[in-house]
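So this block is input-v3.csv, CSV, C-alpha atoms:
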```
chain,number,residue,atom,x,y,z
P,9,MET,CA,-11.0,-243.3,-35.9
P,10,THR,CA,-14.7,-243.2,-36.2
P,11,GLN,CA,-16.2,-239.7,-35.7
P,12,THR,CA,-19.5,-239.5,-33.9
P,13,ALA,CA,-22.1,-238.1,-36.2
P,14,ILE,CA,-23.3,-234.6,-35.2
P,15,LYS,CA,-27.0,-234.0,-35.7
P,16,PRO,CA,-29.7,-231.5,-34.5
P,17,ALA,CA,-30.6,-232.1,-30.9
P,18,PRO,CA,-34.2,-231.5,-29.7
P,19,LYS,CA,-34.8,-229.6,-26.5
P,20,ASP,CA,-34.8,-231.8,-23.5
P,21,TRP,CA,-38.4,-231.1,-22.6
P,22,ILE,CA,-39.5,-232.2,-26.1
P,23,LEU,CA,-38.1,-235.6,-25.4
P,24,GLY,CA,-40.4,-235.8,-22.4
P,25,ILE,CA,-43.5,-235.7,-24.6
P,26,SER,CA,-45.6,-238.8,-25.3
P,27,ALA,CA,-47.2,-238.1,-28.6
P,28,TYR,CA,-51.0,-237.8,-28.6
P,29,VAL,CA,-52.6,-241.1,-29.6
P,30,PRO,CA,-55.9,-240.7,-31.5
P,31,GLY,CA,-58.8,-243.0,-31.2
P,32,LYS,CA,-58.6,-246.2,-33.2
P,33,SER,CA,-60.5,-246.7,-36.4
P,34,ALA,CA,-59.0,-250.1,-37.2
P,35,THR,CA,-57.8,-253.2,-35.3
P,36,ASP,CA,-54.1,-253.9,-34.9
P,37,ASP,CA,-54.3,-256.1,-38.0
P,38,GLY,CA,-55.9,-253.4,-40.1
P,39,ARG,CA,-59.6,-254.4,-40.0
P,40,PRO,CA,-61.8,-251.3,-40.2
P,41,LEU,CA,-64.0,-250.5,-37.2
P,42,ILE,CA,-67.0,-248.4,-36.4
P,43,LYS,CA,-65.4,-245.5,-34.4
P,44,LEU,CA,-66.8,-245.1,-30.9
P,45,SER,CA,-63.3,-244.0,-29.8
P,46,ALA,CA,-63.1,-240.3,-30.8
P,47,ASN,CA,-66.4,-238.8,-29.5
P,48,GLU,CA,-67.5,-237.8,-33.0
P,49,ASN,CA,-71.2,-237.2,-33.7
P,50,PRO,CA,-72.5,-240.6,-34.8
P,51,LEU,CA,-75.4,-238.9,-36.5
P,52,GLY,CA,-73.0,-237.1,-38.8
P,53,THR,CA,-73.2,-233.4,-39.9
P,54,GLY,CA,-76.4,-231.4,-40.2
P,55,ALA,CA,-77.7,-230.8,-43.7
P,56,ALA,CA,-77.2,-227.0,-43.6
P,57,ALA,CA,-73.5,-227.3,-42.7
P,58,ARG,CA,-72.9,-230.0,-45.3
P,59,ALA,CA,-74.5,-227.8,-48.0
P,60,ALA,CA,-72.5,-224.7,-46.9
P,61,LEU,CA,-69.3,-226.6,-47.0
P,62,VAL,CA,-69.9,-228.0,-50.5
P,63,ALA,CA,-70.9,-224.6,-51.8
P,64,ALA,CA,-67.8,-223.0,-50.4
P,65,THR,CA,-65.4,-225.4,-52.2
P,66,ALA,CA,-66.0,-223.6,-55.5
P,67,ASP,CA,-63.0,-221.4,-54.9
P,68,LEU,CA,-59.9,-223.4,-54.0
P,69,ALA,CA,-57.3,-221.0,-55.3
P,70,THR,CA,-57.5,-218.1,-52.8
P,71,TYR,CA,-56.7,-218.0,-49.2
P,72,PRO,CA,-59.6,-218.0,-46.7
P,73,ASP,CA,-60.7,-214.8,-44.8
P,74,PRO,CA,-57.8,-214.4,-42.4
P,75,GLY,CA,-60.0,-212.8,-39.8
P,76,ALA,CA,-62.8,-215.4,-40.1
P,77,THR,CA,-65.2,-212.4,-39.9
P,78,LYS,CA,-68.5,-214.1,-40.7
P,79,LEU,CA,-67.7,-217.0,-38.3
P,80,ARG,CA,-66.8,-214.7,-35.4
P,81,GLU,CA,-70.0,-212.6,-36.0
P,82,ALA,CA,-72.1,-215.8,-36.1
P,83,ILE,CA,-70.6,-217.1,-32.9
P,84,GLY,CA,-71.0,-213.7,-31.2
P,85,ALA,CA,-74.7,-213.5,-32.3
P,86,VAL,CA,-75.5,-217.0,-31.0
P,87,HIS,CA,-73.7,-216.6,-27.6
P,88,GLY,CA,-74.1,-212.8,-27.0
P,89,LEU,CA,-70.3,-212.2,-27.3
P,90,ASP,CA,-68.2,-209.4,-28.8
P,91,PRO,CA,-66.9,-210.8,-32.1
P,92,GLU,CA,-63.7,-208.8,-31.6
P,93,ARG,CA,-62.9,-210.9,-28.6
P,94,ILE,CA,-63.3,-214.3,-30.4
P,95,ILE,CA,-60.4,-216.2,-31.8
P,96,TYR,CA,-60.5,-219.3,-34.0
P,97,GLY,CA,-58.2,-222.2,-34.5
P,98,THR,CA,-57.4,-225.5,-36.1
P,99,GLY,CA,-59.7,-227.3,-33.6
P,100,SER,CA,-59.6,-226.1,-30.0
P,101,ASP,CA,-56.3,-228.0,-29.8
P,102,GLU,CA,-54.4,-225.2,-31.5
P,103,LEU,CA,-55.9,-222.7,-29.1
P,104,LEU,CA,-54.9,-224.8,-26.1
P,105,HIS,CA,-51.3,-224.9,-27.4
P,106,ILE,CA,-51.0,-221.2,-28.2
P,107,ALA,CA,-52.4,-220.4,-24.7
P,108,ALA,CA,-49.6,-222.4,-23.2
P,109,SER,CA,-47.1,-220.9,-25.6
P,110,ALA,CA,-48.1,-217.3,-24.8
P,111,TYR,CA,-48.2,-217.5,-21.1
P,112,ALA,CA,-45.8,-220.2,-19.9
P,113,GLY,CA,-42.3,-221.4,-20.6
P,114,PRO,CA,-39.2,-223.0,-18.9
P,115,GLY,CA,-39.4,-222.5,-15.1
P,116,ASP,CA,-43.2,-222.1,-15.2
P,117,GLU,CA,-45.9,-224.5,-14.2
P,118,ILE,CA,-49.1,-225.5,-16.0
P,119,LEU,CA,-51.7,-227.1,-13.7
P,120,TYR,CA,-54.5,-229.4,-14.5
P,121,VAL,CA,-56.5,-232.2,-12.9
P,122,ARG,CA,-55.7,-235.8,-12.9
P,123,TYR,CA,-57.5,-237.6,-15.8
P,124,GLY,CA,-57.6,-234.4,-17.7
P,125,PHE,CA,-57.4,-234.0,-21.5
P,126,ALA,CA,-54.2,-235.5,-22.8
P,127,VAL,CA,-53.3,-232.4,-24.8
P,128,TYR,CA,-52.7,-230.4,-21.6
P,129,ASP,CA,-49.6,-232.4,-20.8
P,130,ILE,CA,-48.3,-232.1,-24.3
P,131,ALA,CA,-49.0,-228.3,-24.5
P,132,ALA,CA,-47.1,-227.8,-21.2
P,133,ARG,CA,-44.1,-229.8,-22.1
P,134,ARG,CA,-44.0,-228.4,-25.7
P,135,VAL,CA,-43.1,-225.0,-24.3
P,136,GLY,CA,-40.7,-226.3,-21.6
P,137,ALA,CA,-43.1,-225.7,-18.7
P,138,THR,CA,-43.6,-228.2,-15.9
P,139,PRO,CA,-46.9,-230.0,-15.9
P,140,VAL,CA,-48.5,-230.2,-12.4
P,141,ILE,CA,-51.3,-232.7,-11.8
P,142,ALA,CA,-53.8,-232.1,-9.0
P,143,PRO,CA,-55.6,-235.1,-7.5
P,144,ASP,CA,-59.1,-235.8,-8.6
P,145,LYS,CA,-62.2,-236.6,-6.4
P,146,ASP,CA,-63.6,-239.9,-7.6
P,147,TYR,CA,-62.7,-239.1,-11.2
P,148,ALA,CA,-64.1,-235.6,-11.0
P,149,THR,CA,-62.5,-232.2,-10.6
P,150,ASP,CA,-61.5,-231.3,-7.0
P,151,VAL,CA,-61.4,-227.5,-6.9
P,152,ASP,CA,-59.7,-227.5,-3.4
P,153,ALA,CA,-57.0,-229.8,-4.7
P,154,LEU,CA,-56.4,-227.5,-7.7
P,155,LEU,CA,-56.1,-224.4,-5.6
P,156,ALA,CA,-53.8,-226.2,-3.2
P,157,ALA,CA,-51.5,-227.1,-6.1
P,158,VAL,CA,-51.0,-223.5,-7.2
P,159,THR,CA,-47.5,-222.2,-6.6
P,160,ASP,CA,-45.7,-219.0,-7.4
P,161,LYS,CA,-44.6,-220.7,-10.6
P,162,THR,CA,-48.2,-221.4,-11.8
P,163,ARG,CA,-48.9,-219.6,-15.0
P,164,VAL,CA,-51.8,-221.5,-16.7
P,165,VAL,CA,-54.6,-223.7,-15.3
P,166,PHE,CA,-56.4,-226.0,-17.8
P,167,LEU,CA,-59.8,-227.4,-16.9
P,168,ALA,CA,-62.1,-229.3,-19.3
P,169,ASN,CA,-65.8,-229.0,-18.3
P,170,PRO,CA,-67.4,-231.4,-18.9
P,171,ASN,CA,-64.2,-233.3,-18.6
P,172,ASN,CA,-62.6,-235.7,-21.1
P,173,PRO,CA,-62.0,-238.6,-20.6
P,174,THR,CA,-64.2,-238.9,-17.5
P,175,GLY,CA,-67.3,-237.1,-18.6
P,176,THR,CA,-67.7,-235.5,-15.2
P,177,MET,CA,-69.1,-232.0,-14.7
P,178,THR,CA,-68.0,-229.1,-12.4
P,179,SER,CA,-70.8,-226.8,-11.3
P,180,ARG,CA,-71.2,-223.1,-12.0
P,181,ALA,CA,-70.5,-222.3,-8.4
P,182,GLU,CA,-67.3,-224.4,-8.3
P,183,ILE,CA,-66.0,-222.9,-11.5
P,184,ALA,CA,-66.6,-219.4,-10.0
P,185,ARG,CA,-64.9,-220.5,-6.8
P,186,LEU,CA,-61.9,-221.8,-8.7
P,187,HIS,CA,-61.5,-218.6,-10.7
P,188,ALA,CA,-61.9,-216.5,-7.6
P,189,GLY,CA,-59.1,-218.5,-5.9
P,190,LEU,CA,-56.6,-218.0,-8.7
P,191,ARG,CA,-54.2,-215.1,-8.8
P,192,PRO,CA,-55.1,-212.6,-11.5
P,193,ASP,CA,-51.8,-213.3,-13.3
P,194,ILE,CA,-52.7,-217.0,-13.9
P,195,LEU,CA,-54.6,-217.7,-17.1
P,196,PHE,CA,-57.5,-220.0,-16.5
P,197,VAL,CA,-58.3,-221.9,-19.6
P,198,LEU,CA,-61.8,-223.4,-19.5
P,199,ASP,CA,-62.1,-226.1,-22.2
P,200,GLN,CA,-65.8,-226.4,-23.0
P,201,ALA,CA,-65.5,-228.9,-25.9
P,202,TYR,CA,-68.6,-230.7,-24.8
P,203,ALA,CA,-70.7,-227.7,-23.5
P,204,GLU,CA,-73.3,-228.2,-26.2
P,205,TYR,CA,-74.3,-231.5,-24.7
P,206,LEU,CA,-75.5,-229.7,-21.5
P,207,ASP,CA,-79.0,-228.4,-20.8
P,208,ALA,CA,-79.3,-224.6,-20.5
P,209,ASP,CA,-79.5,-224.8,-16.7
P,210,GLU,CA,-76.3,-226.8,-16.5
P,211,ASP,CA,-74.1,-224.1,-18.1
P,212,ASP,CA,-71.0,-223.5,-16.0
P,213,GLY,CA,-71.0,-219.8,-16.5
P,214,GLY,CA,-67.6,-219.6,-18.1
P,215,LEU,CA,-68.5,-217.3,-20.9
P,216,GLU,CA,-70.2,-214.9,-18.6
P,217,LEU,CA,-67.2,-214.9,-16.3
P,218,ALA,CA,-64.9,-214.2,-19.3
P,219,LYS,CA,-66.9,-211.1,-20.3
P,220,ASN,CA,-65.5,-209.2,-17.3
P,221,ALA,CA,-62.5,-211.2,-16.2
P,222,SER,CA,-59.0,-210.5,-17.7
P,223,ASN,CA,-57.6,-214.0,-17.0
P,224,ILE,CA,-60.2,-216.5,-18.4
P,225,PHE,CA,-59.9,-218.0,-21.8
P,226,VAL,CA,-62.9,-220.2,-22.8
P,227,THR,CA,-62.5,-222.6,-25.7
P,228,ARG,CA,-65.0,-224.6,-27.7
P,229,THR,CA,-65.0,-226.8,-30.8
P,230,PHE,CA,-67.1,-227.7,-33.9
P,231,SER,CA,-65.7,-231.2,-33.8
P,232,LYS,CA,-68.2,-232.7,-31.4
P,233,ILE,CA,-72.0,-232.0,-31.5
P,234,HIS,CA,-71.7,-230.0,-34.7
P,235,GLY,CA,-70.2,-232.9,-36.6
P,236,LEU,CA,-67.4,-231.0,-38.3
P,237,ALA,CA,-64.4,-233.0,-36.9
P,238,ALA,CA,-62.9,-233.4,-40.4
P,239,GLU,CA,-62.7,-229.6,-40.8
P,240,ARG,CA,-60.8,-229.0,-37.5
P,241,ILE,CA,-62.5,-225.8,-36.3
P,242,GLY,CA,-62.3,-224.4,-32.8
P,243,TRP,CA,-63.0,-221.0,-31.2
P,244,GLY,CA,-62.2,-219.2,-28.0
P,245,TYR,CA,-63.3,-216.1,-26.0
P,246,ALA,CA,-61.3,-213.9,-23.6
P,247,SER,CA,-60.5,-210.4,-22.8
P,248,ALA,CA,-59.3,-208.2,-25.7
P,249,GLU,CA,-55.8,-208.2,-24.2
P,250,VAL,CA,-55.6,-212.0,-24.1
P,251,ILE,CA,-57.0,-212.3,-27.6
P,252,ASP,CA,-54.5,-209.8,-29.0
P,253,ILE,CA,-51.6,-211.9,-27.5
P,254,LEU,CA,-53.0,-215.2,-28.9
P,255,HIS,CA,-53.5,-213.7,-32.4
P,256,ARG,CA,-49.8,-212.9,-32.5
P,257,ILE,CA,-48.9,-216.6,-32.5
P,258,ARG,CA,-52.0,-218.1,-34.1
P,259,ALA,CA,-51.2,-219.7,-37.5
P,260,PRO,CA,-52.3,-217.5,-40.3
P,261,PHE,CA,-55.2,-218.7,-42.5
P,262,ASN,CA,-55.8,-221.5,-40.0
P,263,VAL,CA,-59.5,-222.1,-40.8
P,264,THR,CA,-60.4,-223.0,-44.4
P,265,THR,CA,-62.9,-221.2,-46.4
P,266,ALA,CA,-65.2,-224.2,-46.5
P,267,GLY,CA,-64.7,-224.8,-42.8
P,268,GLN,CA,-65.7,-221.2,-42.0
P,269,ALA,CA,-68.8,-221.5,-44.1
P,270,ALA,CA,-69.8,-224.9,-42.6
P,271,ALA,CA,-69.2,-223.6,-39.1
P,272,VAL,CA,-71.4,-220.6,-39.7
P,273,ALA,CA,-74.2,-222.8,-40.9
P,274,ALA,CA,-73.6,-225.3,-38.1
P,275,ILE,CA,-73.8,-222.8,-35.2
P,276,ASN,CA,-77.0,-221.4,-36.6
P,277,ASP,CA,-78.6,-224.9,-37.0
P,278,SER,CA,-80.1,-225.1,-33.5
P,279,GLU,CA,-82.5,-227.9,-34.6
P,280,TRP,CA,-79.5,-230.2,-35.4
P,281,VAL,CA,-77.8,-229.4,-32.1
P,282,ALA,CA,-81.0,-230.1,-30.2
P,283,PHE,CA,-81.6,-233.3,-32.1
P,284,SER,CA,-78.0,-234.5,-31.4
P,285,ARG,CA,-78.2,-233.5,-27.8
P,286,THR,CA,-81.5,-235.3,-27.2
P,287,HIS,CA,-80.3,-238.5,-29.0
P,288,THR,CA,-77.1,-238.5,-26.9
P,289,ALA,CA,-78.8,-238.0,-23.6
P,290,ARG,CA,-81.3,-240.7,-24.2
P,291,TRP,CA,-78.8,-243.4,-25.2
P,292,ARG,CA,-76.1,-242.3,-22.8
P,293,GLU,CA,-78.5,-242.8,-19.9
P,294,TRP,CA,-79.7,-246.1,-21.4
P,295,LEU,CA,-76.2,-247.4,-21.8
P,296,ALA,CA,-75.3,-246.2,-18.3
P,297,GLY,CA,-78.2,-248.2,-16.9
P,298,GLU,CA,-77.1,-251.3,-18.8
P,299,VAL,CA,-73.6,-251.0,-17.4
P,300,ALA,CA,-74.9,-250.4,-13.9
P,301,SER,CA,-76.8,-253.6,-14.1
P,302,LEU,CA,-73.5,-255.4,-14.5
P,303,SER,CA,-72.0,-254.0,-11.3
P,304,ASN,CA,-71.9,-257.5,-9.8
P,305,HIS,CA,-69.4,-258.3,-12.5
P,306,GLY,CA,-67.2,-255.4,-11.5
P,307,LEU,CA,-68.3,-252.8,-14.1
P,308,ARG,CA,-69.0,-249.3,-13.1
P,309,VAL,CA,-69.9,-246.2,-15.1
P,310,VAL,CA,-68.6,-242.7,-14.2
P,311,PRO,CA,-71.5,-240.2,-14.3
P,312,SER,CA,-71.2,-238.3,-17.6
P,313,LYS,CA,-72.6,-235.1,-19.1
P,314,THR,CA,-70.8,-235.6,-22.5
P,315,ASN,CA,-71.4,-237.8,-25.6
P,316,PHE,CA,-69.4,-240.7,-24.1
P,317,LEU,CA,-69.2,-242.9,-21.0
P,318,LEU,CA,-66.1,-243.9,-19.1
P,319,ILE,CA,-66.6,-247.5,-17.9
P,320,LEU,CA,-64.4,-248.9,-15.2
P,321,PHE,CA,-63.6,-252.6,-15.1
P,322,ASP,CA,-62.7,-253.9,-11.7
P,323,GLY,CA,-63.8,-257.6,-12.0
P,324,LYS,CA,-62.7,-260.6,-14.0
P,325,LEU,CA,-63.4,-258.8,-17.3
P,326,THR,CA,-60.6,-256.3,-17.9
P,327,ALA,CA,-60.8,-253.1,-19.9
P,328,GLU,CA,-58.3,-254.4,-22.4
P,329,ALA,CA,-60.2,-257.6,-22.9
P,330,ALA,CA,-63.5,-255.6,-23.3
P,331,MET,CA,-61.8,-253.4,-26.0
P,332,LYS,CA,-60.6,-256.4,-27.9
P,333,GLY,CA,-64.0,-258.1,-27.6
P,334,LEU,CA,-65.7,-255.1,-29.0
P,335,TRP,CA,-63.2,-255.1,-31.9
P,336,ASP,CA,-64.5,-258.6,-32.7
P,337,GLU,CA,-68.0,-257.0,-33.0
P,338,GLY,CA,-66.6,-254.3,-35.3
P,339,TYR,CA,-66.4,-251.4,-32.8
P,340,ALA,CA,-63.4,-249.2,-31.8
P,341,THR,CA,-63.4,-247.8,-28.2
P,342,ARG,CA,-60.8,-246.0,-26.3
P,343,TRP,CA,-58.7,-247.9,-23.8
P,344,LEU,CA,-56.8,-245.5,-21.5
P,345,PRO,CA,-53.7,-246.9,-19.9
P,346,GLY,CA,-51.7,-243.9,-21.2
P,347,GLN,CA,-53.8,-241.6,-19.1
P,348,GLY,CA,-53.5,-243.6,-15.9
P,349,LEU,CA,-56.7,-245.5,-16.5
P,350,PRO,CA,-55.7,-249.1,-17.4
P,351,ASN,CA,-59.1,-250.2,-16.0
P,352,GLY,CA,-61.0,-247.6,-18.1
P,353,LEU,CA,-62.7,-247.8,-21.4
P,354,ARG,CA,-64.2,-244.7,-23.0
P,355,ILE,CA,-67.1,-245.4,-25.3
P,356,THR,CA,-68.7,-242.8,-27.5
P,357,ILE,CA,-72.5,-242.9,-27.6
P,358,GLY,CA,-73.3,-244.1,-31.1
P,359,THR,CA,-76.5,-244.7,-33.0
P,360,LYS,CA,-79.4,-246.6,-31.4
P,361,ALA,CA,-78.2,-249.8,-33.1
P,362,GLN,CA,-74.6,-249.3,-32.2
P,363,THR,CA,-75.3,-248.6,-28.6
P,364,ARG,CA,-77.5,-251.6,-28.2
P,365,ALA,CA,-74.9,-253.8,-29.9
P,366,VAL,CA,-72.2,-252.5,-27.5
P,367,ALA,CA,-74.3,-253.2,-24.5
P,368,THR,CA,-75.1,-256.7,-25.6
P,369,LYS,CA,-71.5,-257.5,-26.2
P,370,LEU,CA,-70.4,-256.1,-22.8
P,371,ARG,CA,-73.0,-258.1,-21.0
P,372,ALA,CA,-72.0,-261.3,-22.8
P,373,MET,CA,-68.3,-260.7,-22.0
P,374,ALA,CA,-69.0,-259.8,-18.4
P,375,GLU,CA,-71.2,-262.8,-17.7
P,376,SER,CA,-68.7,-265.3,-19.3
P,377,ALA,CA,-65.5,-263.9,-17.8
```

For this file, produce the structure as structure tokens.
Amino acid sequence: MTQTAIKPAPKDWILGISAYVPGKSATDDGRPLIKLSANENPLGTGAAARAALVAATADLATYPDPGATKLREAIGAVHGLDPERIIYGTGSDELLHIAASAYAGPGDEILYVRYGFAVYDIAARRVGATPVIAPDKDYATDVDALLAAVTDKTRVVFLANPNNPTGTMTSRAEIARLHAGLRPDILFVLDQAYAEYLDADEDDGGLELAKNASNIFVTRTFSKIHGLAAERIGWGYASAEVIDILHRIRAPFNVTTAGQAAAVAAINDSEWVAFSRTHTARWREWLAGEVASLSNHGLRVVPSKTNFLLILFDGKLTAEAAMKGLWDEGYATRWLPGQGLPNGLRITIGTKAQTRAVATKLRAMAESA
């Protein structure tokens, strides 16, 4: 008689997770591509951050500062925040995961908007919570729909602002209205990964709200405008009580010595941030205009406040065909069927030359389809 092999069995809710799929950097047959698929800074890393990182690699044998003291102080000084209420993580992804872990579990619900960041679903399922998706409003956040989806089981609400992968922006007034409409026992996680691409008058007020509210956790990252994606550094701000809870399950020594040094230099390099923001805004609007001129071929761009555009393909040229055509030109973009957008292609704003090349190829494909 053959005995059935006994082996460790994962929790049922883990089996429901679809693993996060990163942006491509090569074609299916292995050809390297210029990455316009992961929303990295195409201009690279500022000189000050690069120099700080290199200098900090002199000591590789000792653990990094477990409290990231200089980094927290630098963030606090730039943003006018109490450093004691700042937490740091392996990218903002770690912080999103530990927020879900700390405040939700089996029987609870985690709420987010349709076409939200893919990590929200994973973070919810990872802890056995039920993901609940609120309808969008033309690819943007619908605050009324989010509030209507809240139940007595809701424990965490995730919202990216500006949003990824759509690029849409929710106003300060709407963020305040959403927060005011949530029960005080619901943790409102406001993911501001792209906040540095906004002009000062476009700020959604999340950090100001979090200064006095006990149920807001604002997260940011050094992976985007600061050009430190390789170092995986994120940070978050909340009440002292929330930060205390999150520290209990944060991985120890989670930000490297070199990463901490580079991040301190990066957040103080306002010139590099401004340069990157200006470049992005210029070429984002230029590319959006080029796509708009192809509307008669079924192409549409979703208004964006980030360093990328979501382009919708509703004509003869499909998003998948456009992605493969851009492969042939040497560019990786992000096709999004896994996020419910089989007609969507997310394209990072690259250098001037890269952006022009993408626009030229899109036009050629649309007109020949």

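Taking atom CA of P:Ala330 and atom CA of P:Pro143 as the two end points, the separation is 27.1 Å.
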
Review point. From the list P:His87, P:Leu198, P:Asp211, P:Ala153, which residue is nearest P:Ala181 when using only C-alpha atoms?
Key: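 For P:Ala181, the nearest of the given residues is P:Asp211.
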
Practice item. Identify which of the residues P:Gly24, P:Pro74, P:Gly52, P:Gly214 lies closest to P:Thr138, counting only C-alpha atoms when measuring atom-to-atom distances. Key: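 When distances to P:Thr138 are compared using only C-alpha atoms, the smallest one comes from P:Gly24.
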
Exercise for review: Find, counting all atoms listed in the file, the residue in P:Glu337, P:Asp90, P:Asp37, P:Glu298 that gets nearest to P:Asn220.
Suggested key: P:Asp90

Review point. Contacts of P:Phe166 at 10 Å or less, counting only C-alpha atoms, minus same-chain residues fewer than 6 places along, as a VMD selection string?
Key: chain P and resid 104 107 to 108 118 to 121 124 to 125 127 to 129 195 to 199 225

Practice item. Enter the distance from atom CA of P:Glu249 to atom CA of P:Thr162, in Å, rounded to one decimal. Key: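 We find that atom CA of P:Glu249 and atom CA of P:Thr162 lie 19.6 Å from each other.
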
Using all atoms listed in the file, what table do you get, as a tab-separated table, when you list each residue of stretch 44-65 of chain P with an atom no more than 12 Å from stretch 355-367 of chain P, its nearest pair of atoms, and their distance in Å rounded to one decimal, rows by chain then rising number?
```
residue	atom	partner	partner_atom	distance
P:Leu44	CA	P:Thr356	CA	4.5
P:Ser45	CA	P:Thr356	CA	6.0
P:Ala46	CA	P:Thr356	CA	7.0
P:Asn47	CA	P:Thr356	CA	5.0
P:Glu48	CA	P:Thr356	CA	7.5
P:Asn49	CA	P:Gly358	CA	7.7
P:Pro50	CA	P:Gly358	CA	5.2
P:Leu51	CA	P:Thr359	CA	6.9
P:Gly52	CA	P:Thr359	CA	10.2
```

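Closest approach to P:Ser100 among P:Val226, P:Leu215, P:Leu295, P:Ala85: P:Val226, based on all atoms listed in the file.
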
Practice item. Rounded to one decimal place, report the atom CA of P:Thr35-atom CA of P:Arg342 distance in Å. Key: 11.9 Å

**Study point:** Residue list as number ranges by chain for point (-70.1, -224.1, -52.0), cut-off 12 Å, all atoms listed in the file
**Key:** P: 56-68, 265-270, 273

Exercise for review: May I ask which of the residues P:Gly97, P:Ile253, P:Ile233, P:Pro173 is the closest one to P:Ser109, counting all atoms listed in the file?
Suggested key: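 For P:Ser109, the nearest of the candidates is P:Ile253.
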
Practice item. Name all residues at most 12 Å from P:Arg290 (count only C-alpha atoms; drop same-chain ones fewer than 3 positions away) and give them as a PyMOL selection string. Key: chain P and resi 205+283-287+293-297+313-316+357-360+363

Review point. Nearest to P:Tyr147 among P:Ser376, P:Thr159, P:Thr70, P:Asn171, with distances taken over only C-alpha atoms: which residue is it?
Key: P:Asn171

Counting only C-alpha atoms, note down every residue that has an atom within 7 Å of the point (-69.6, -258.3, -18.9) (file coordinates), as a compact mmCIF listing (two decimals) with C-alpha atoms, in the frame of the given file.
```
# COMPACT_ATOMS: atom_id res chain seq x y z
CA LEU P 302 -73.50 -255.40 -14.50
CA HIS P 305 -69.40 -258.30 -12.50
CA LEU P 325 -63.40 -258.80 -17.30
CA LEU P 370 -70.40 -256.10 -22.80
CA ARG P 371 -73.00 -258.10 -21.00
CA ALA P 372 -72.00 -261.30 -22.80
CA MET P 373 -68.30 -260.70 -22.00
CA ALA P 374 -69.00 -259.80 -18.40
CA GLU P 375 -71.20 -262.80 -17.70
```
